[in-house]
Amino acid sequence: MPPLDVLLPVLGLALLDTLSPTTLGVSLFVLLNGARRSARPLLAYLGTVALFYFALGCALMLGLGAALNHLSHLADSPAVGWGMVVLGGALFVYSWVMPTKSSAPRRPASLRTTTMIGLGLATGLLEAGTALPYLGAIGVMGTAGLAVTTWMPMLAAYNLIMVLPPVLLYLGHRIFGERLRPRLERWREKVDSGSREAPAWIIGIVGLVLVLNGLQQTGFDALLSTS
């Protein structure tokens with residue numbers, strides 16, 4: 001069982017990652033496309049995204065673990081904590097000034113399984129570098145020095161949580177059918193219109209999480225609590 005000071009930030013970042021406008025937008029498009037069978041293309045897309053990020057997370061965790069082993073004298077040093085504070089503060093400030101002009105939403109050309117798998121890979125490749133909640137969670141787990149048997153289930157759970165909202169949307173669509181369509185249409189419009197605003201919120205929250213974890217690693221928060 002990971003400690004709460006690692007589990008809670010990672011859980012919070014996983015919940016934050018459920019707001020991905022790309023994943024939600026593609027899922028709503030599939031559900032509203034009018035195709036009689038939407039389960040296969042949707043699960044092909046979501047499964048590809050989840051597996052891609054899980055593999056990426058494992059690679060990053062193994063690489064980060066190896067780097068920290070070579071730099072074990074720096075892993076728990078205040079310098080690393082202050083680096084997290086500076087990076088988190090910069091992200092938080094940037095979230096207030098970044099451009100939020102809407103861009104054209106990504107849509108699949110067809111609902112064939114191969115197309116949806118390709119779109120899932122494209123989503124992962126294009127957005128991996130800006131998947132700040134995921135990268136933040138990996139940073140929290142990596143600096144905590146968790147064993148493989150601890151962080152690997154956490155990564156798997158993170159990715160399951162990340163794709164859970166589209167799965168729930170699909171179940172709701174199956175249960176309620178056309179009665180749910182007007183609400184799904186409104187949600188798709190909101191996702192499309194806010195496709196550039198959501199990243200700003202996500203970047204700001206990730207920055208705040210990094211600042212708080214950095215202060216904890218430096219011991220500054222303990223100093224404040226005793227003063």
# chains A, B, ... in the order shown; residues from 1 in each chain; ligands from 1

call {"tool": "residues_around", "arguments": {"residues": "Leu171 of chain A", "least_positions_apart": "4", "cutoff": "12 Å", "atoms": "only C-alpha atoms", "output": "MDAnalysis selection string"}}
result
chainID A and resid 31 38:39 42:43 164:167 175:177 180

call {"tool": "write_last_selection", "arguments": {"atoms": "all heavy atoms", "output": "compact mmCIF listing (two decimals), in the first residue's frame"}}
result
# COMPACT_ATOMS: atom_id res chain seq x y z
N LEU A 31 -20.36 8.02 -30.02
CA LEU A 31 -21.69 7.70 -29.49
C LEU A 31 -22.81 8.39 -30.28
O LEU A 31 -23.91 7.85 -30.40
CB LEU A 31 -21.78 8.09 -28.02
CG LEU A 31 -20.88 7.30 -27.06
CD1 LEU A 31 -21.00 7.85 -25.65
CD2 LEU A 31 -21.23 5.81 -27.09
N SER A 38 -21.43 0.85 -31.52
CA SER A 38 -20.42 1.83 -31.13
C SER A 38 -19.44 1.27 -30.11
O SER A 38 -18.43 1.90 -29.82
CB SER A 38 -21.09 3.09 -30.56
OG SER A 38 -21.93 2.75 -29.45
N ALA A 39 -19.73 0.10 -29.54
CA ALA A 39 -18.87 -0.45 -28.48
C ALA A 39 -17.48 -0.77 -29.01
O ALA A 39 -16.46 -0.41 -28.40
CB ALA A 39 -19.51 -1.70 -27.89
N LEU A 42 -15.33 2.38 -29.94
CA LEU A 42 -15.03 3.15 -28.73
C LEU A 42 -14.01 2.43 -27.86
O LEU A 42 -13.04 3.04 -27.38
CB LEU A 42 -16.31 3.42 -27.95
CG LEU A 42 -16.16 4.28 -26.70
CD1 LEU A 42 -15.64 5.66 -27.05
CD2 LEU A 42 -17.48 4.39 -25.96
N LEU A 43 -14.21 1.13 -27.63
CA LEU A 43 -13.28 0.37 -26.80
C LEU A 43 -11.92 0.23 -27.48
O LEU A 43 -10.89 0.20 -26.79
CB LEU A 43 -13.87 -1.00 -26.49
CG LEU A 43 -15.09 -0.99 -25.56
CD1 LEU A 43 -15.61 -2.41 -25.33
CD2 LEU A 43 -14.77 -0.33 -24.22
N LEU A 164 -12.42 6.07 -17.66
CA LEU A 164 -13.70 5.66 -17.07
C LEU A 164 -14.88 6.51 -17.51
O LEU A 164 -15.96 5.96 -17.80
CB LEU A 164 -13.58 5.65 -15.55
CG LEU A 164 -14.80 5.16 -14.77
CD1 LEU A 164 -15.16 3.74 -15.16
CD2 LEU A 164 -14.54 5.25 -13.26
N PRO A 165 -14.77 7.87 -17.59
CA PRO A 165 -15.93 8.67 -17.99
C PRO A 165 -16.50 8.29 -19.36
O PRO A 165 -17.73 8.15 -19.48
CB PRO A 165 -15.40 10.11 -17.97
CG PRO A 165 -14.31 10.07 -16.95
CD PRO A 165 -13.67 8.73 -17.12
N PRO A 166 -15.68 8.08 -20.42
CA PRO A 166 -16.27 7.63 -21.68
C PRO A 166 -16.98 6.28 -21.57
O PRO A 166 -18.00 6.06 -22.23
CB PRO A 166 -15.06 7.54 -22.62
CG PRO A 166 -14.08 8.50 -22.06
CD PRO A 166 -14.25 8.41 -20.59
N VAL A 167 -16.45 5.37 -20.75
CA VAL A 167 -17.11 4.07 -20.56
C VAL A 167 -18.48 4.28 -19.89
O VAL A 167 -19.48 3.66 -20.29
CB VAL A 167 -16.23 3.13 -19.71
CG1 VAL A 167 -16.99 1.84 -19.37
CG2 VAL A 167 -14.94 2.80 -20.45
N ILE A 175 -28.21 2.32 -21.98
CA ILE A 175 -29.37 2.16 -21.10
C ILE A 175 -30.50 3.10 -21.51
O ILE A 175 -31.67 2.69 -21.61
CB ILE A 175 -28.97 2.40 -19.64
CG1 ILE A 175 -28.00 1.30 -19.17
CG2 ILE A 175 -30.20 2.43 -18.73
CD1 ILE A 175 -27.37 1.57 -17.82
N PHE A 176 -30.17 4.36 -21.76
CA PHE A 176 -31.20 5.37 -21.98
C PHE A 176 -31.44 5.67 -23.47
O PHE A 176 -32.44 6.31 -23.81
CB PHE A 176 -30.84 6.66 -21.25
CG PHE A 176 -30.76 6.48 -19.76
CD1 PHE A 176 -29.54 6.44 -19.12
CD2 PHE A 176 -31.92 6.35 -19.00
CE1 PHE A 176 -29.45 6.28 -17.74
CE2 PHE A 176 -31.84 6.19 -17.63
CZ PHE A 176 -30.61 6.15 -17.00
N GLY A 177 -30.52 5.25 -24.33
CA GLY A 177 -30.73 5.41 -25.76
C GLY A 177 -30.91 6.85 -26.19
O GLY A 177 -30.18 7.75 -25.76
N LEU A 180 -31.03 10.13 -24.00
CA LEU A 180 -29.81 10.79 -23.53
C LEU A 180 -29.14 11.63 -24.61
O LEU A 180 -28.27 12.44 -24.31
CB LEU A 180 -28.82 9.73 -23.02
CG LEU A 180 -27.60 10.19 -22.22
CD1 LEU A 180 -28.04 10.91 -20.94
CD2 LEU A 180 -26.70 9.02 -21.88

call {"tool": "residues_around", "arguments": {"residues": "Leu126 of chain A", "least_positions_apart": "6", "cutoff": "12 Å", "atoms": "only C-alpha atoms", "output": "short mmCIF file (atom, residue, chain, number, x, y, z; two decimals) with C-alpha atoms, in the first residue's frame"}}
result
data_model
loop_
_atom_site.label_atom_id
_atom_site.label_comp_id
_atom_site.auth_asym_id
_atom_site.auth_seq_id
_atom_site.Cartn_x
_atom_site.Cartn_y
_atom_site.Cartn_z
CA THR A 22 -9.68 14.98 -26.87
CA VAL A 49 -5.02 5.23 -25.39
CA PHE A 52 -0.16 3.53 -24.80
CA TYR A 53 -0.02 5.66 -21.67
CA ARG A 106 -10.10 15.93 -33.71
CA GLY A 118 -4.65 4.58 -35.21
CA LEU A 119 -6.48 7.55 -33.71
CA GLY A 120 -5.71 6.25 -30.21
#

call {"tool": "residues_around", "arguments": {"residues": "Pro133 of chain A", "least_positions_apart": "5", "cutoff": "12 Å", "atoms": "only C-alpha atoms", "output": "JSON, numbers by chain"}}
result
{"A": [9, 10, 11, 12, 13, 14, 15, 16, 17, 18, 19, 20, 53, 57, 88, 91, 127, 128, 138, 139, 140, 158, 159, 162, 199, 200, 201, 202, 203, 204, 205, 206, 207, 208, 209, 210]}

call {"tool": "atom_distance", "arguments": {"atom1": "atom CA of Ala90 of chain A", "atom2": "atom CA of Leu62 of chain A"}}
result
26.6 Å

call {"tool": "closest_residue", "arguments": {"among": "A:Ala157, A:Ala137, A:Leu168, A:Leu212", "to": "Met84 of chain A", "atoms": "only C-alpha atoms"}}
result
A:Leu212

call {"tool": "closest_residue", "arguments": {"among": "A:Gly214, A:Met61, A:Arg37, A:Phe29", "to": "Met154 of chain A", "atoms": "only C-alpha atoms"}}
result
A:Met61

call {"tool": "residues_around", "arguments": {"residues": "Leu146 of chain A", "least_positions_apart": "5", "cutoff": "8 Å", "atoms": "only C-alpha atoms", "output": "number ranges by chain"}}
result
A: 2, 141, 151

call {"tool": "write_last_selection", "arguments": {"atoms": "C-alpha atoms", "output": "PDB file, in the first residue's frame"}}
result
ATOM      1  CA  PRO A   2       1.568   3.324  -1.031  1.00  0.00           C
ATOM      2  CA  MET A 141       5.698   8.232  -7.701  1.00  0.00           C
ATOM      3  CA  TRP A 151       3.820   1.769  -8.757  1.00  0.00           C
TER       4      TRP A 151
END

call {"tool": "residues_around", "arguments": {"residues": "Thr113 of chain A", "least_positions_apart": "2", "cutoff": "7 Å", "atoms": "only C-alpha atoms", "output": "ChimeraX atom specification"}}
result
/A:40-41,44,111,115-117

call {"tool": "select_by_dssp", "arguments": {"residues": "segment 146-202 of chain A", "states": "alpha helix (DSSP H)", "output": "number ranges by chain"}}
result
A: 148-162, 164-176, 181-193, 197-202

call {"tool": "write_last_selection", "arguments": {"atoms": "C-alpha atoms", "output": "PDB file, in the first residue's frame"}}
result
ATOM      1  CA  VAL A 148       7.727  -1.859  -9.015  1.00  0.00           C
ATOM      2  CA  THR A 149       5.042  -3.975  -7.353  1.00  0.00           C
ATOM      3  CA  THR A 150       3.559  -0.763  -5.940  1.00  0.00           C
ATOM      4  CA  TRP A 151       3.820   1.769  -8.757  1.00  0.00           C
ATOM      5  CA  MET A 152       2.822  -0.573 -11.605  1.00  0.00           C
ATOM      6  CA  PRO A 153      -0.694  -1.263 -10.186  1.00  0.00           C
ATOM      7  CA  MET A 154      -0.988   2.473  -9.493  1.00  0.00           C
ATOM      8  CA  LEU A 155      -0.205   3.235 -13.147  1.00  0.00           C
ATOM      9  CA  ALA A 156      -2.755   0.662 -14.303  1.00  0.00           C
ATOM     10  CA  ALA A 157      -5.401   2.106 -11.977  1.00  0.00           C
ATOM     11  CA  TYR A 158      -4.547   5.648 -13.149  1.00  0.00           C
ATOM     12  CA  ASN A 159      -5.183   4.715 -16.782  1.00  0.00           C
ATOM     13  CA  LEU A 160      -8.414   2.894 -15.962  1.00  0.00           C
ATOM     14  CA  ILE A 161      -9.671   5.983 -14.120  1.00  0.00           C
ATOM     15  CA  MET A 162      -8.596   8.173 -17.048  1.00  0.00           C
ATOM     16  CA  LEU A 164     -13.699   5.657 -17.071  1.00  0.00           C
ATOM     17  CA  PRO A 165     -15.931   8.667 -17.994  1.00  0.00           C
ATOM     18  CA  PRO A 166     -16.273   7.633 -21.683  1.00  0.00           C
ATOM     19  CA  VAL A 167     -17.113   4.072 -20.555  1.00  0.00           C
ATOM     20  CA  LEU A 168     -19.810   5.454 -18.246  1.00  0.00           C
ATOM     21  CA  LEU A 169     -21.116   7.599 -21.110  1.00  0.00           C
ATOM     22  CA  TYR A 170     -21.348   4.491 -23.287  1.00  0.00           C
ATOM     23  CA  LEU A 171     -23.245   2.583 -20.581  1.00  0.00           C
ATOM     24  CA  GLY A 172     -25.620   5.520 -20.162  1.00  0.00           C
ATOM     25  CA  HIS A 173     -26.132   5.644 -23.918  1.00  0.00           C
ATOM     26  CA  ARG A 174     -26.906   1.916 -23.980  1.00  0.00           C
ATOM     27  CA  ILE A 175     -29.368   2.160 -21.104  1.00  0.00           C
ATOM     28  CA  PHE A 176     -31.201   5.365 -21.985  1.00  0.00           C
ATOM     29  CA  ARG A 181     -28.894  12.152 -26.964  1.00  0.00           C
ATOM     30  CA  PRO A 182     -29.884  15.822 -26.338  1.00  0.00           C
ATOM     31  CA  ARG A 183     -27.744  15.902 -23.209  1.00  0.00           C
ATOM     32  CA  LEU A 184     -24.808  14.255 -24.986  1.00  0.00           C
ATOM     33  CA  GLU A 185     -25.141  16.825 -27.778  1.00  0.00           C
ATOM     34  CA  ARG A 186     -24.917  19.652 -25.245  1.00  0.00           C
ATOM     35  CA  TRP A 187     -21.906  18.038 -23.598  1.00  0.00           C
ATOM     36  CA  ARG A 188     -20.174  17.689 -26.954  1.00  0.00           C
ATOM     37  CA  GLU A 189     -20.741  21.365 -27.685  1.00  0.00           C
ATOM     38  CA  LYS A 190     -19.290  22.280 -24.293  1.00  0.00           C
ATOM     39  CA  VAL A 191     -16.278  20.020 -24.819  1.00  0.00           C
ATOM     40  CA  ASP A 192     -15.659  21.507 -28.279  1.00  0.00           C
ATOM     41  CA  SER A 193     -16.050  25.101 -27.087  1.00  0.00           C
ATOM     42  CA  GLU A 197      -9.813  26.304 -21.826  1.00  0.00           C
ATOM     43  CA  ALA A 198      -9.640  22.899 -20.121  1.00  0.00           C
ATOM     44  CA  PRO A 199      -5.845  22.563 -20.590  1.00  0.00           C
ATOM     45  CA  ALA A 200      -5.348  25.894 -18.844  1.00  0.00           C
ATOM     46  CA  TRP A 201      -7.208  24.631 -15.780  1.00  0.00           C
ATOM     47  CA  ILE A 202      -5.324  21.328 -15.906  1.00  0.00           C
TER      48      ILE A 202
END

call {"tool": "atom_distance", "arguments": {"atom1": "atom CA of Thr123 of chain A", "atom2": "atom CA of Thr48 of chain A"}}
result
9.3 Å

call {"tool": "atom_distance", "arguments": {"atom1": "atom CA of Ala144 of chain A", "atom2": "atom CA of Ala50 of chain A"}}
result
23.5 Å

call {"tool": "decode", "arguments": {"residues": "segment 114-140 of chain A", "atoms": "N, CA, C and O atoms", "output": "mmCIF file, in the first residue's frame"}}
result
data_model
loop_
_atom_site.group_PDB
_atom_site.id
_atom_site.type_symbol
_atom_site.label_atom_id
_atom_site.label_comp_id
_atom_site.auth_asym_id
_atom_site.auth_seq_id
_atom_site.Cartn_x
_atom_site.Cartn_y
_atom_site.Cartn_z
ATOM 1 N N THR A 114 -9.421 -0.473 -37.068
ATOM 2 C CA THR A 114 -8.048 -0.049 -37.358
ATOM 3 C C THR A 114 -7.916 1.472 -37.319
ATOM 4 O O THR A 114 -6.895 2.007 -36.871
ATOM 5 N N THR A 115 -8.943 2.169 -37.790
ATOM 6 C CA THR A 115 -8.917 3.629 -37.745
ATOM 7 C C THR A 115 -8.909 4.132 -36.311
ATOM 8 O O THR A 115 -8.165 5.058 -35.962
ATOM 9 N N MET A 116 -9.733 3.519 -35.448
ATOM 10 C CA MET A 116 -9.818 3.954 -34.059
ATOM 11 C C MET A 116 -8.533 3.640 -33.301
ATOM 12 O O MET A 116 -8.106 4.418 -32.440
ATOM 13 N N ILE A 117 -7.904 2.488 -33.621
ATOM 14 C CA ILE A 117 -6.615 2.191 -32.998
ATOM 15 C C ILE A 117 -5.569 3.214 -33.433
ATOM 16 O O ILE A 117 -4.777 3.712 -32.620
ATOM 17 N N GLY A 118 -5.578 3.561 -34.723
ATOM 18 C CA GLY A 118 -4.651 4.580 -35.211
ATOM 19 C C GLY A 118 -4.891 5.934 -34.557
ATOM 20 O O GLY A 118 -3.940 6.642 -34.216
ATOM 21 N N LEU A 119 -6.162 6.282 -34.365
ATOM 22 C CA LEU A 119 -6.476 7.549 -33.712
ATOM 23 C C LEU A 119 -6.032 7.530 -32.254
ATOM 24 O O LEU A 119 -5.548 8.538 -31.724
ATOM 25 N N GLY A 120 -6.182 6.363 -31.593
ATOM 26 C CA GLY A 120 -5.712 6.249 -30.212
ATOM 27 C C GLY A 120 -4.211 6.432 -30.115
ATOM 28 O O GLY A 120 -3.715 7.124 -29.209
ATOM 29 N N LEU A 121 -3.464 5.831 -31.048
ATOM 30 C CA LEU A 121 -2.014 6.006 -31.064
ATOM 31 C C LEU A 121 -1.643 7.454 -31.351
ATOM 32 O O LEU A 121 -0.713 8.005 -30.745
ATOM 33 N N ALA A 122 -2.375 8.077 -32.279
ATOM 34 C CA ALA A 122 -2.104 9.483 -32.600
ATOM 35 C C ALA A 122 -2.376 10.371 -31.391
ATOM 36 O O ALA A 122 -1.616 11.311 -31.114
ATOM 37 N N THR A 123 -3.447 10.085 -30.672
ATOM 38 C CA THR A 123 -3.749 10.851 -29.454
ATOM 39 C C THR A 123 -2.602 10.754 -28.466
ATOM 40 O O THR A 123 -2.152 11.755 -27.902
ATOM 41 N N GLY A 124 -2.118 9.532 -28.243
ATOM 42 C CA GLY A 124 -1.010 9.354 -27.305
ATOM 43 C C GLY A 124 0.265 10.032 -27.763
ATOM 44 O O GLY A 124 0.930 10.732 -26.988
ATOM 45 N N LEU A 125 0.624 9.863 -29.054
ATOM 46 C CA LEU A 125 1.877 10.425 -29.561
ATOM 47 C C LEU A 125 1.855 11.951 -29.565
ATOM 48 O O LEU A 125 2.847 12.603 -29.230
ATOM 49 N N LEU A 126 0.708 12.531 -29.946
ATOM 50 C CA LEU A 126 0.627 13.984 -30.059
ATOM 51 C C LEU A 126 0.499 14.668 -28.709
ATOM 52 O O LEU A 126 0.927 15.821 -28.544
ATOM 53 N N GLU A 127 -0.096 13.987 -27.730
ATOM 54 C CA GLU A 127 -0.383 14.644 -26.453
ATOM 55 C C GLU A 127 0.471 14.142 -25.301
ATOM 56 O O GLU A 127 0.314 14.623 -24.178
ATOM 57 N N ALA A 128 1.367 13.170 -25.558
ATOM 58 C CA ALA A 128 2.181 12.635 -24.467
ATOM 59 C C ALA A 128 3.035 13.715 -23.815
ATOM 60 O O ALA A 128 3.175 13.757 -22.585
ATOM 61 N N GLY A 129 3.602 14.600 -24.637
ATOM 62 C CA GLY A 129 4.465 15.639 -24.087
ATOM 63 C C GLY A 129 3.729 16.700 -23.291
ATOM 64 O O GLY A 129 4.342 17.433 -22.514
ATOM 65 N N THR A 130 2.419 16.794 -23.488
ATOM 66 C CA THR A 130 1.625 17.798 -22.759
ATOM 67 C C THR A 130 0.667 17.147 -21.767
ATOM 68 O O THR A 130 -0.208 17.831 -21.248
ATOM 69 N N ALA A 131 0.830 15.847 -21.521
ATOM 70 C CA ALA A 131 -0.035 15.146 -20.560
ATOM 71 C C ALA A 131 0.474 15.437 -19.153
ATOM 72 O O ALA A 131 0.992 14.565 -18.452
ATOM 73 N N LEU A 132 0.309 16.683 -18.728
ATOM 74 C CA LEU A 132 0.929 17.131 -17.487
ATOM 75 C C LEU A 132 0.422 16.416 -16.245
ATOM 76 O O LEU A 132 1.210 16.137 -15.336
ATOM 77 N N PRO A 133 -0.878 16.105 -16.125
ATOM 78 C CA PRO A 133 -1.284 15.341 -14.935
ATOM 79 C C PRO A 133 -0.576 13.997 -14.844
ATOM 80 O O PRO A 133 -0.130 13.590 -13.761
ATOM 81 N N TYR A 134 -0.455 13.306 -15.971
ATOM 82 C CA TYR A 134 0.201 12.002 -15.986
ATOM 83 C C TYR A 134 1.689 12.134 -15.664
ATOM 84 O O TYR A 134 2.234 11.376 -14.863
ATOM 85 N N LEU A 135 2.338 13.094 -16.278
ATOM 86 C CA LEU A 135 3.756 13.309 -16.009
ATOM 87 C C LEU A 135 3.974 13.738 -14.561
ATOM 88 O O LEU A 135 4.958 13.342 -13.929
ATOM 89 N N GLY A 136 3.040 14.543 -14.034
ATOM 90 C CA GLY A 136 3.135 14.931 -12.634
ATOM 91 C C GLY A 136 2.985 13.740 -11.710
ATOM 92 O O GLY A 136 3.704 13.614 -10.709
ATOM 93 N N ALA A 137 2.041 12.839 -12.018
ATOM 94 C CA ALA A 137 1.851 11.641 -11.198
ATOM 95 C C ALA A 137 3.089 10.758 -11.235
ATOM 96 O O ALA A 137 3.506 10.193 -10.215
ATOM 97 N N ILE A 138 3.701 10.630 -12.409
ATOM 98 C CA ILE A 138 4.921 9.827 -12.535
ATOM 99 C C ILE A 138 6.041 10.457 -11.710
ATOM 100 O O ILE A 138 6.824 9.763 -11.058
ATOM 101 N N GLY A 139 6.115 11.794 -11.734
ATOM 102 C CA GLY A 139 7.124 12.467 -10.929
ATOM 103 C C GLY A 139 6.924 12.237 -9.444
ATOM 104 O O GLY A 139 7.886 11.998 -8.703
ATOM 105 N N VAL A 140 5.675 12.274 -8.986
ATOM 106 C CA VAL A 140 5.377 12.038 -7.568
ATOM 107 C C VAL A 140 5.753 10.612 -7.172
ATOM 108 O O VAL A 140 6.387 10.380 -6.137
#
